[in-house]
>>> print(open('upload.txt').read())   # compact mmCIF, C-alpha atoms
# COMPACT_ATOMS: atom_id res chain seq x y z
CA MET A 25 -35.08 21.79 -8.47
CA SER A 26 -32.24 21.42 -10.97
CA GLY A 27 -32.03 17.66 -10.51
CA LYS A 28 -28.42 17.96 -9.33
CA GLU A 29 -26.88 17.92 -5.88
CA VAL A 30 -23.31 19.25 -6.08
CA HIS A 31 -20.70 18.64 -3.37
CA GLU A 32 -17.26 20.24 -3.56
CA LEU A 33 -15.22 17.88 -1.40
CA THR A 34 -11.64 18.64 -2.37
CA ILE A 35 -9.52 20.88 -4.58
CA THR A 36 -7.69 17.80 -5.89
CA PRO A 37 -9.15 15.23 -8.29
CA ILE A 38 -11.39 12.55 -6.78
CA THR A 39 -9.77 9.32 -7.96
CA CYS A 40 -12.59 7.07 -6.75
CA PHE A 41 -15.48 6.99 -4.28
CA ALA A 42 -17.98 4.63 -2.66
CA PHE A 43 -21.14 4.97 -0.53
CA ASN A 44 -22.43 2.73 2.22
CA LYS A 45 -25.91 1.23 1.95
CA ALA A 46 -27.63 3.90 4.05
CA ARG A 47 -25.95 6.66 1.98
CA ASN A 48 -24.90 8.45 5.17
CA GLN A 49 -21.21 7.60 4.79
CA LEU A 50 -18.94 8.31 1.85
CA ALA A 51 -15.38 7.19 1.11
CA ILE A 52 -13.22 9.06 -1.40
CA CYS A 53 -9.59 9.14 -2.46
CA PRO A 54 -8.25 12.68 -3.11
CA ASN A 55 -5.68 11.42 -5.64
CA ASP A 56 -3.17 10.19 -3.05
CA ASN A 57 -2.53 7.13 -0.85
CA THR A 58 -5.29 7.89 1.65
CA VAL A 59 -9.00 7.11 1.91
CA HIS A 60 -11.18 9.79 3.49
CA ILE A 61 -14.43 8.74 5.17
CA TYR A 62 -17.15 11.41 5.34
CA LYS A 63 -20.38 11.44 7.35
CA LYS A 64 -23.53 13.14 6.19
CA SER A 65 -24.64 16.04 8.33
CA GLY A 66 -27.86 17.54 6.99
CA ASN A 67 -27.18 18.23 3.32
CA LYS A 68 -23.41 18.45 3.76
CA TRP A 69 -20.58 15.94 4.09
CA THR A 70 -18.20 16.35 7.04
CA ALA A 71 -14.79 14.68 7.31
CA ASP A 72 -14.68 11.80 9.79
CA VAL A 73 -11.75 9.36 9.42
CA VAL A 74 -8.65 9.05 7.22
CA LEU A 75 -7.41 5.54 6.34
CA ASN A 76 -3.66 5.48 5.69
CA GLU A 77 -2.69 1.87 5.01
CA HIS A 78 -1.77 2.12 1.30
CA GLY A 79 1.81 3.05 0.38
CA GLN A 80 0.95 4.55 -3.01
CA ARG A 81 -2.07 6.12 -4.72
CA VAL A 82 -5.42 4.43 -4.15
CA THR A 83 -6.84 3.60 -7.58
CA ASP A 84 -10.30 2.21 -6.78
CA MET A 85 -12.65 1.14 -4.00
CA ASP A 86 -16.01 -0.56 -3.49
CA TRP A 87 -18.28 -0.62 -0.43
CA GLY A 88 -20.17 -3.87 0.23
CA GLN A 89 -23.81 -2.84 0.67
CA GLU A 90 -24.82 -5.80 2.82
CA SER A 91 -21.55 -6.74 4.58
CA ASN A 92 -20.55 -3.07 5.16
CA ARG A 93 -16.97 -3.97 4.21
CA LEU A 94 -14.88 -1.52 2.19
CA VAL A 95 -12.32 -2.90 -0.26
CA THR A 96 -9.58 -0.66 -1.68
CA CYS A 97 -6.75 -1.25 -4.14
CA GLY A 98 -3.77 0.84 -5.12
CA ALA A 99 -0.64 1.42 -7.13
CA ASP A 100 1.29 -0.30 -4.31
CA ARG A 101 -0.01 -3.62 -5.79
CA ASN A 102 -2.06 -4.34 -2.66
CA ALA A 103 -5.71 -4.52 -1.71
CA TYR A 104 -7.22 -4.07 1.75
CA VAL A 105 -10.56 -5.18 3.12
CA TRP A 106 -11.70 -2.69 5.79
CA THR A 107 -14.13 -3.77 8.51
CA LEU A 108 -15.81 -1.38 10.96
CA ASN A 109 -15.48 -2.74 14.51
CA ASP A 110 -16.50 -0.66 17.55
CA GLY A 111 -16.21 2.54 15.56
CA GLN A 112 -12.72 1.71 14.27
CA TRP A 113 -11.80 0.71 10.71
CA LYS A 114 -9.62 -2.41 10.75
CA PRO A 115 -7.69 -3.30 7.57
CA MET A 116 -6.87 -6.81 6.37
CA LEU A 117 -4.18 -7.10 3.71
CA VAL A 118 -5.04 -9.12 0.59
CA ILE A 119 -2.05 -10.64 -1.21
CA LEU A 120 -2.90 -10.14 -4.87
CA ARG A 121 0.34 -11.69 -6.20
CA ILE A 122 0.77 -9.06 -8.93
CA ASN A 123 3.86 -7.13 -10.06
CA ARG A 124 2.05 -4.05 -11.41
CA ALA A 125 -0.42 -1.56 -9.99
CA ALA A 126 -3.96 -2.65 -9.15
CA THR A 127 -6.37 -0.55 -11.23
CA CYS A 128 -9.97 -1.46 -10.34
CA VAL A 129 -11.93 -3.49 -7.79
CA ARG A 130 -15.53 -4.73 -7.43
CA TRP A 131 -17.41 -6.85 -4.90
CA SER A 132 -19.46 -9.68 -6.37
CA PRO A 133 -23.27 -9.36 -6.01
CA LYS A 134 -23.29 -11.76 -3.03
CA GLU A 135 -20.19 -10.05 -1.56
CA ASP A 136 -18.48 -13.38 -0.92
CA LYS A 137 -15.63 -12.56 -3.33
CA PHE A 138 -14.21 -9.58 -5.17
CA ALA A 139 -12.22 -9.03 -8.34
CA VAL A 140 -9.18 -6.78 -8.82
CA GLY A 141 -7.93 -5.70 -12.24
CA SER A 142 -4.28 -4.73 -12.67
CA GLY A 143 -1.49 -3.65 -14.96
CA ALA A 144 -0.04 -7.17 -14.68
CA ARG A 145 -2.37 -8.31 -17.49
CA LEU A 146 -4.53 -10.36 -15.14
CA ILE A 147 -7.54 -10.28 -12.84
CA SER A 148 -7.24 -11.44 -9.23
CA VAL A 149 -10.45 -12.97 -7.91
CA CYS A 150 -10.24 -13.00 -4.12
CA TYR A 151 -12.22 -14.94 -1.52
CA PHE A 152 -11.96 -15.53 2.23
CA GLU A 153 -10.57 -18.77 3.64
CA LYS A 154 -12.04 -19.23 7.11
CA ASP A 155 -9.63 -22.02 8.07
CA ASN A 156 -6.59 -19.79 7.58
CA ASP A 157 -8.35 -16.49 8.38
CA TRP A 158 -7.09 -14.66 5.30
CA TRP A 159 -8.05 -13.58 1.80
CA VAL A 160 -6.59 -15.60 -1.06
CA SER A 161 -6.58 -14.83 -4.77
CA LYS A 162 -6.89 -16.82 -7.99
CA HIS A 163 -5.71 -15.40 -11.30
CA ILE A 164 -7.49 -15.01 -14.64
CA LYS A 165 -4.73 -14.51 -17.24
CA LYS A 166 -5.52 -15.71 -20.76
CA PRO A 167 -6.11 -14.16 -23.25
CA ILE A 168 -5.57 -10.75 -21.58
CA ARG A 169 -2.74 -8.85 -23.29
CA SER A 170 -2.68 -5.54 -21.47
CA THR A 171 -3.82 -3.54 -18.43
CA ILE A 172 -7.31 -4.20 -17.06
CA LEU A 173 -9.11 -0.85 -16.86
CA SER A 174 -12.58 -1.87 -15.68
CA ILE A 175 -14.56 -4.84 -14.36
CA ASP A 176 -18.20 -5.63 -13.62
CA TRP A 177 -19.95 -8.69 -12.17
CA HIS A 178 -22.84 -10.53 -13.78
CA PRO A 179 -25.94 -10.67 -11.51
CA ASN A 180 -25.52 -14.46 -11.14
CA ASN A 181 -22.27 -14.00 -9.14
CA LEU A 182 -20.47 -16.42 -11.50
CA LEU A 183 -19.39 -14.32 -14.51
CA LEU A 184 -17.08 -11.34 -14.74
CA ALA A 185 -16.75 -8.75 -17.51
CA SER A 186 -13.54 -6.81 -18.09
CA GLY A 187 -12.37 -3.97 -20.31
CA SER A 188 -8.68 -3.53 -21.06
CA SER A 189 -6.18 -1.46 -23.00
CA ASP A 190 -5.76 -4.22 -25.61
CA PHE A 191 -9.03 -2.84 -27.10
CA LYS A 192 -11.13 -5.80 -25.88
CA ALA A 193 -14.15 -6.38 -23.66
CA ARG A 194 -14.29 -9.94 -22.35
CA ILE A 195 -16.53 -12.17 -20.25
CA PHE A 196 -14.88 -14.75 -17.97
CA SER A 197 -16.06 -17.50 -15.68
CA ALA A 198 -15.31 -16.55 -12.07
CA PHE A 199 -16.78 -19.71 -10.57
CA ILE A 200 -14.89 -20.82 -7.44
CA LYS A 201 -16.02 -24.15 -6.02
CA ASP A 202 -15.00 -23.32 -2.44
CA VAL A 203 -17.29 -20.27 -2.52
CA ASP A 204 -20.03 -21.05 -5.04
CA GLY A 205 -20.43 -24.74 -4.24
CA LYS A 206 -22.45 -26.54 -6.91
CA THR A 207 -24.17 -23.45 -8.30
CA ASN A 208 -22.13 -23.40 -11.54
CA CYS A 209 -24.56 -23.56 -14.43
CA ASP A 210 -25.13 -22.73 -18.09
CA THR A 211 -25.78 -19.06 -18.81
CA GLU A 212 -26.87 -16.95 -21.75
CA TRP A 213 -23.17 -16.30 -22.43
CA GLY A 214 -22.19 -19.97 -22.72
CA LYS A 215 -22.14 -23.35 -21.05
CA LYS A 216 -20.86 -23.68 -17.51
CA ALA A 217 -17.10 -23.32 -17.48
CA ALA A 218 -14.16 -23.73 -15.15
CA PHE A 219 -12.64 -20.72 -13.41
CA GLY A 220 -10.79 -18.37 -15.77
CA ASN A 221 -12.34 -19.59 -19.02
CA CYS A 222 -13.01 -16.78 -21.51
CA LEU A 223 -16.61 -17.18 -22.67
CA ALA A 224 -16.73 -14.21 -25.04
CA GLU A 225 -14.50 -11.48 -26.48
CA PHE A 226 -15.61 -8.28 -28.22
CA SER A 227 -14.10 -5.10 -29.66
CA THR A 228 -15.34 -1.89 -31.27
CA GLY A 229 -13.57 -2.74 -34.52
CA SER A 230 -11.66 0.52 -34.87
CA GLY A 231 -9.66 0.06 -31.68
CA GLY A 232 -9.56 2.05 -28.46
CA TRP A 233 -8.92 1.29 -24.81
CA VAL A 234 -12.05 -0.08 -23.15
CA HIS A 235 -12.47 2.27 -20.18
CA GLY A 236 -15.75 1.03 -18.73
CA VAL A 237 -17.97 -2.08 -18.84
CA SER A 238 -21.43 -2.70 -17.40
CA PHE A 239 -23.84 -5.64 -17.34
CA SER A 240 -27.56 -4.87 -17.56
CA ALA A 241 -29.88 -5.85 -14.71
CA SER A 242 -30.85 -9.10 -16.44
CA GLY A 243 -27.25 -9.90 -17.32
CA HIS A 244 -28.29 -10.53 -20.94
CA LYS A 245 -26.61 -7.34 -22.23
CA LEU A 246 -23.12 -5.92 -21.82
CA ALA A 247 -22.23 -2.30 -22.58
CA TRP A 248 -18.75 -0.83 -22.87
CA VAL A 249 -17.14 2.51 -23.79
CA GLY A 250 -13.83 3.01 -25.56
CA HIS A 251 -11.18 5.66 -26.02
CA ASP A 252 -12.18 5.92 -29.69
CA SER A 253 -15.25 7.87 -28.47
CA SER A 254 -17.48 4.85 -29.00
CA ILE A 255 -20.15 3.06 -26.99
CA SER A 256 -21.07 -0.56 -27.72
CA VAL A 257 -23.69 -3.05 -26.57
CA VAL A 258 -23.79 -6.82 -27.11
CA ASN A 259 -27.00 -8.81 -26.65
CA ALA A 260 -26.59 -12.46 -25.63
CA ASP A 261 -30.21 -13.22 -26.55
CA HIS A 262 -29.55 -12.27 -30.18
CA ASP A 263 -26.51 -14.45 -30.91
CA ASN A 264 -24.09 -11.99 -29.27
CA LYS A 265 -24.92 -9.28 -31.78
CA VAL A 266 -22.70 -6.23 -31.24
CA VAL A 267 -23.86 -2.72 -32.11
CA THR A 268 -21.49 0.26 -31.84
CA VAL A 269 -22.06 4.02 -32.04
CA HIS A 270 -19.04 6.22 -32.75
CA THR A 271 -19.87 9.59 -31.20
CA ASN A 272 -18.41 13.01 -31.92
CA PHE A 273 -17.76 13.54 -28.21
CA LEU A 274 -14.46 13.34 -26.41
CA PRO A 275 -13.78 9.79 -25.14
CA LEU A 276 -16.23 8.31 -22.64
CA ARG A 277 -14.81 6.85 -19.42
CA GLN A 278 -17.75 5.14 -17.70
CA CYS A 279 -21.12 3.61 -18.55
CA LEU A 280 -24.03 2.40 -16.43
CA TRP A 281 -27.42 0.78 -17.12
CA ILE A 282 -30.28 2.67 -15.44
CA THR A 283 -33.02 0.51 -17.01
CA GLU A 284 -32.89 -2.62 -19.18
CA HIS A 285 -32.92 -0.35 -22.25
CA SER A 286 -31.21 2.88 -21.09
CA ILE A 287 -27.52 3.60 -20.53
CA VAL A 288 -25.82 6.62 -18.99
CA ALA A 289 -22.26 7.29 -20.15
CA ALA A 290 -19.81 10.04 -19.18
CA GLY A 291 -16.19 11.02 -19.65
CA HIS A 292 -13.96 13.79 -20.97
CA ASN A 293 -16.82 16.07 -22.07
CA ASN A 294 -17.57 16.72 -18.37
CA LEU A 295 -21.24 15.67 -18.53
CA PRO A 296 -23.39 12.50 -18.69
CA TYR A 297 -25.17 11.35 -21.86
CA LEU A 298 -28.21 9.13 -22.28
CA PHE A 299 -28.29 6.27 -24.81
CA THR A 300 -30.98 3.66 -25.46
CA HIS A 301 -30.71 0.10 -26.76
CA ASP A 302 -34.04 -1.31 -27.95
CA ASP A 303 -35.29 -4.85 -28.62
CA ASN A 304 -34.19 -4.55 -32.25
CA ASP A 305 -30.58 -3.96 -31.16
CA LYS A 306 -30.63 -0.32 -32.20
CA LEU A 307 -28.31 1.83 -30.10
CA THR A 308 -29.25 5.52 -30.13
CA PHE A 309 -27.94 8.69 -28.53
CA ILE A 310 -30.86 10.48 -26.88
CA GLU A 311 -29.72 13.66 -25.12
CA LYS A 312 -27.23 15.33 -22.81
CA MET A 313 -28.22 14.93 -19.17
CA ASP A 314 -26.75 18.25 -18.03
CA ALA A 315 -28.58 21.42 -19.08
CA PRO A 316 -25.81 24.05 -19.43
CA LYS A 317 -26.28 27.39 -17.74
CA LYS A 318 -25.50 30.48 -19.75
CA LYS A 319 -23.00 32.58 -17.89
CA GLU A 320 -23.35 36.31 -17.97
CA ASP A 321 -20.15 38.10 -18.78
CA THR A 322 -19.82 40.71 -16.06
CA GLY A 323 -16.35 41.69 -17.15
CA THR A 324 -15.09 41.59 -13.56
CA MET A 325 -13.96 38.87 -11.19
CA SER A 326 -13.90 39.00 -7.42
CA ALA A 327 -10.66 38.49 -5.52
CA MET A 328 -12.02 35.23 -4.10
CA ALA A 329 -12.83 33.92 -7.59
CA LYS A 330 -9.36 34.91 -8.85
CA PHE A 331 -7.62 32.95 -6.11
CA ARG A 332 -9.97 29.98 -6.61
CA THR A 333 -9.21 29.69 -10.32
CA LEU A 334 -5.48 30.16 -9.72
CA ASP A 335 -5.53 27.44 -7.08
CA LYS A 336 -7.71 24.89 -8.87
CA LYS A 337 -6.82 25.49 -12.52
CA GLY A 338 -3.59 27.51 -12.53
CA GLN A 339 -5.39 30.19 -14.53
CA GLY A 340 -5.73 33.92 -14.21
CA ALA A 341 -8.92 35.94 -14.71
CA ASP A 342 -8.59 36.31 -18.50
CA GLU A 343 -7.82 32.64 -19.06
CA SER A 344 -10.57 31.45 -16.75
CA SER A 345 -13.31 33.53 -18.36
CA SER A 346 -12.46 32.21 -21.81
CA SER A 347 -12.01 28.54 -20.94
CA SER A 348 -14.38 27.84 -18.03
CA SER A 349 -17.02 25.19 -18.69
CA ASN A 350 -20.75 25.84 -18.36
CA THR A 351 -21.35 22.24 -17.27
CA THR A 352 -21.83 21.09 -13.67
CA HIS A 353 -18.49 19.26 -13.70
CA GLN A 354 -15.59 21.52 -14.66
CA ASN A 355 -13.35 18.66 -15.74
CA ALA A 356 -13.53 15.04 -16.88
CA ILE A 357 -15.89 12.62 -15.12
CA ASN A 358 -13.90 9.58 -13.99
CA LYS A 359 -16.46 7.52 -12.07
CA LEU A 360 -20.17 6.83 -12.44
CA GLU A 361 -22.22 4.78 -9.97
CA LEU A 362 -25.82 4.10 -8.92
CA TYR A 363 -27.00 6.14 -5.95
CA SER A 364 -30.58 4.89 -5.53
CA GLY A 365 -32.64 2.26 -7.30
CA THR A 366 -31.26 -0.64 -9.33
CA LYS A 367 -29.98 -1.18 -12.85
CA ASP A 368 -33.53 -2.20 -13.71
CA GLY A 369 -34.96 1.13 -12.56
CA ALA A 370 -32.52 3.68 -11.17
CA THR A 371 -33.82 6.90 -9.64
CA LYS A 372 -30.48 8.61 -8.97
CA PHE A 373 -26.87 8.18 -10.06
CA VAL A 374 -23.68 9.85 -8.88
CA THR A 375 -20.53 11.05 -10.65
CA SER A 376 -17.12 12.23 -9.53
CA GLY A 377 -14.60 14.24 -11.47
CA ILE A 378 -11.09 15.56 -11.76
CA ASP A 379 -12.52 18.91 -10.60
CA GLY A 380 -12.97 17.51 -7.07
CA ARG A 381 -16.76 17.57 -7.32
CA LEU A 382 -19.22 14.82 -6.46
CA VAL A 383 -22.62 15.26 -8.15
CA ILE A 384 -25.83 13.34 -7.40
CA TRP A 385 -28.25 13.37 -10.36
CA ASP A 386 -32.01 12.91 -9.92
CA ILE A 387 -33.22 11.18 -13.10
CA LYS A 388 -36.92 12.04 -12.74
CA THR A 389 -36.17 15.74 -12.25
CA LEU A 390 -33.74 15.75 -15.17
CA VAL A 391 -36.37 14.18 -17.47
CA SER A 392 -38.91 16.86 -16.56
CA SER A 393 -36.44 19.75 -16.96
CA ILE A 394 -34.61 18.77 -20.18
CA SER A 395 -36.64 18.59 -23.39
CA GLY A 396 -35.96 15.48 -25.44
CA LEU A 397 -34.72 13.48 -22.46
CA LYS A 398 -36.78 10.29 -22.24
CA ILE A 399 -35.95 7.10 -20.34
CA ALA A 400 -36.83 3.90 -22.19
>>> encode(input="upload.txt", output="structure tokens")
Amino acid sequence: MSGKEVHELTITPITCFAFNKARNQLAICPNDNTVHIYKKSGNKWTADVVLNEHGQRVTDMDWGQESNRLVTCGADRNAYVWTLNDGQWKPMLVILRINRAATCVRWSPKEDKFAVGSGARLISVCYFEKDNDWWVSKHIKKPIRSTILSIDWHPNNLLLASGSSDFKARIFSAFIKDVDGKTNCDTEWGKKAAFGNCLAEFSTGSGGWVHGVSFSASGHKLAWVGHDSSISVVNADHDNKVVTVHTNFLPLRQCLWITEHSIVAAGHNNLPYLFTHDDNDKLTFIEKMDAPKKKEDTGTMSAMAKFRTLDKKGQGADESSSSSSNTTHQNAINKLELYSGTKDGATKFVTSGIDGRLVIWDIKTLVSSISGLKIA
């Protein structure tokens, strides 16, 4: 086994994707205003339903693992919560009250609220009001100065991390009394705070849009990646000590904890990388997680391959042979998610890319097949 399960779902970029809990249904956006639901048939994914409610491009989605509700957001400044009833997907519009595109969305760990980042320099935290039978939103505004590019929830369901194009990673209180009751409490990131309070703010120092943020399983660490080709980790247990590694890679877009000490990051280099952060706050690059295959130069290209490269890349035979990548993904990776396991001990993770591919990576198989790859 190569440790990789590759699915070519579309010839267009995959903007975002989400799996259901059983991993037998998959939702993707093929870079337009639709959401395509696939069902697993053997080892292949077959198209099932197309959801058409958004008026402009769908920018992100998240599938509630316990509630089985799918939330989507888009450039039309709207979000929809989709519920499966009698085999039919029913949308419910969420009024976000924003005047710019929604950029990212995440369910909270308890799935009783979700957060939507946007280009309106704010985060909408949404929850359901049973009395009025609708979703309402509350805004986190200060001190955000630019577009929110990524968000992630703390395991306690009360805190929210964000990364934005003002070069900052921040941690906010997302406590809502109507939802969380009296559970607001002190955390490792600060004393209990009212909704919208900024508990911490970090940067890489040199500047760079913060493309991805991720809390560790314990919630005591926060990792983020920036457009200055850096990856950073802050440890709340060590007086919010920040450690940053400036890599020589192209910018990273996403990061994800797979153990309490190991981080997977991926982006414009088309492959995932493994980093470790130890108890002494040392952040280290370990190894590439994609073993490149050496391509034999046959000097010829079949007619099918010629048409494929013309269609997908706009390249002829000569151009394709000189510029094709020997990595699994042929273009930038734009989303990275857990597939099986938890952030405390993941067994598989999944990536999507601008090449239209969805790849499921088996960590144990990768460790055994790539020398130097060790999970801390």
>>> closest_residue(input="upload.txt", among="A:Gln112, A:Met85, A:Glu90, A:Thr34", to="A:Ala71", atoms="all atoms listed in the file")
A:Thr34
>>> closest_atom_pairs(input="upload.txt", of="stretch 175-228 of chain A", to="stretch 257-281 of chain A", cutoff="12 Å", atoms="all atoms listed in the file", output="Markdown table")
| residue | atom | partner | partner_atom | distance |
| --- | --- | --- | --- | --- |
| A:Ile175 | CA | A:Gln278 | CA | 11.0 |
| A:Asp176 | CA | A:Leu280 | CA | 10.3 |
| A:Gly187 | CA | A:Gln278 | CA | 10.9 |
| A:Ala193 | CA | A:Val258 | CA | 10.2 |
| A:Arg194 | CA | A:Val258 | CA | 11.1 |
| A:Ile195 | CA | A:Val258 | CA | 11.3 |
| A:Thr211 | CA | A:Ala260 | CA | 9.5 |
| A:Glu212 | CA | A:Ala260 | CA | 5.9 |
| A:Trp213 | CA | A:Ala260 | CA | 6.1 |
| A:Gly214 | CA | A:Ala260 | CA | 9.2 |
| A:Leu223 | CA | A:Asn264 | CA | 11.2 |
| A:Ala224 | CA | A:Asn264 | CA | 8.8 |
| A:Glu225 | CA | A:Asn264 | CA | 10.0 |
| A:Phe226 | CA | A:Val266 | CA | 8.0 |
| A:Ser227 | CA | A:Val266 | CA | 8.8 |
| A:Thr228 | CA | A:Thr268 | CA | 6.5 |
>>> closest_residue(input="upload.txt", among="A:Gly205, A:Gly396, A:Pro167, A:Gly365", to="A:Gly220", atoms="only C-alpha atoms")
A:Pro167
>>> closest_residue(input="upload.txt", among="A:Ile384, A:Ala329, A:Ala144, A:Ala51", to="A:Leu362", atoms="all atoms listed in the file")
A:Ile384
>>> atom_distance(input="upload.txt", atom1="atom CA of A:Asp110", atom2="atom CA of A:Tyr151")
24.2 Å
>>> atom_distance(input="upload.txt", atom1="atom CA of A:Asn350", atom2="atom CA of A:Leu173")
29.2 Å
>>> closest_residue(input="upload.txt", among="A:Ile200, A:Val73, A:Ile61, A:Val160", to="A:Ala103", atoms="all atoms listed in the file")
A:Val160
>>> atom_distance(input="upload.txt", atom1="atom CA of A:Asp210", atom2="atom CA of A:Gly88")
26.8 Å
>>> closest_residue(input="upload.txt", among="A:Ser174, A:Thr375, A:Ser254, A:Asn102", to="A:Tyr363", atoms="all atoms listed in the file")
A:Thr375
>>> closest_residue(input="upload.txt", among="A:Tyr297, A:Trp131, A:Trp159, A:Trp106", to="A:Asp86", atoms="only C-alpha atoms")
A:Trp131
>>> residues_around(input="upload.txt", residues="stretch 92-99 of chain A", least_positions_apart="2", cutoff="8 Å", atoms="all atoms listed in the file", output="PyMOL selection string")
chain A and resi 44-45+57+78+80-90+101-108+124-129+131+140
>>> residues_around(input="upload.txt", residues="A:Glu311", least_positions_apart="4", cutoff="9 Å", atoms="only C-alpha atoms", output="PyMOL selection string")
chain A and resi 297-299+394-398
>>> residues_around(input="upload.txt", residues="A:Leu390", least_positions_apart="5", cutoff="8 Å", atoms="only C-alpha atoms", output="MDAnalysis selection string")
chainID A and resid 26:27 313:314 385 397
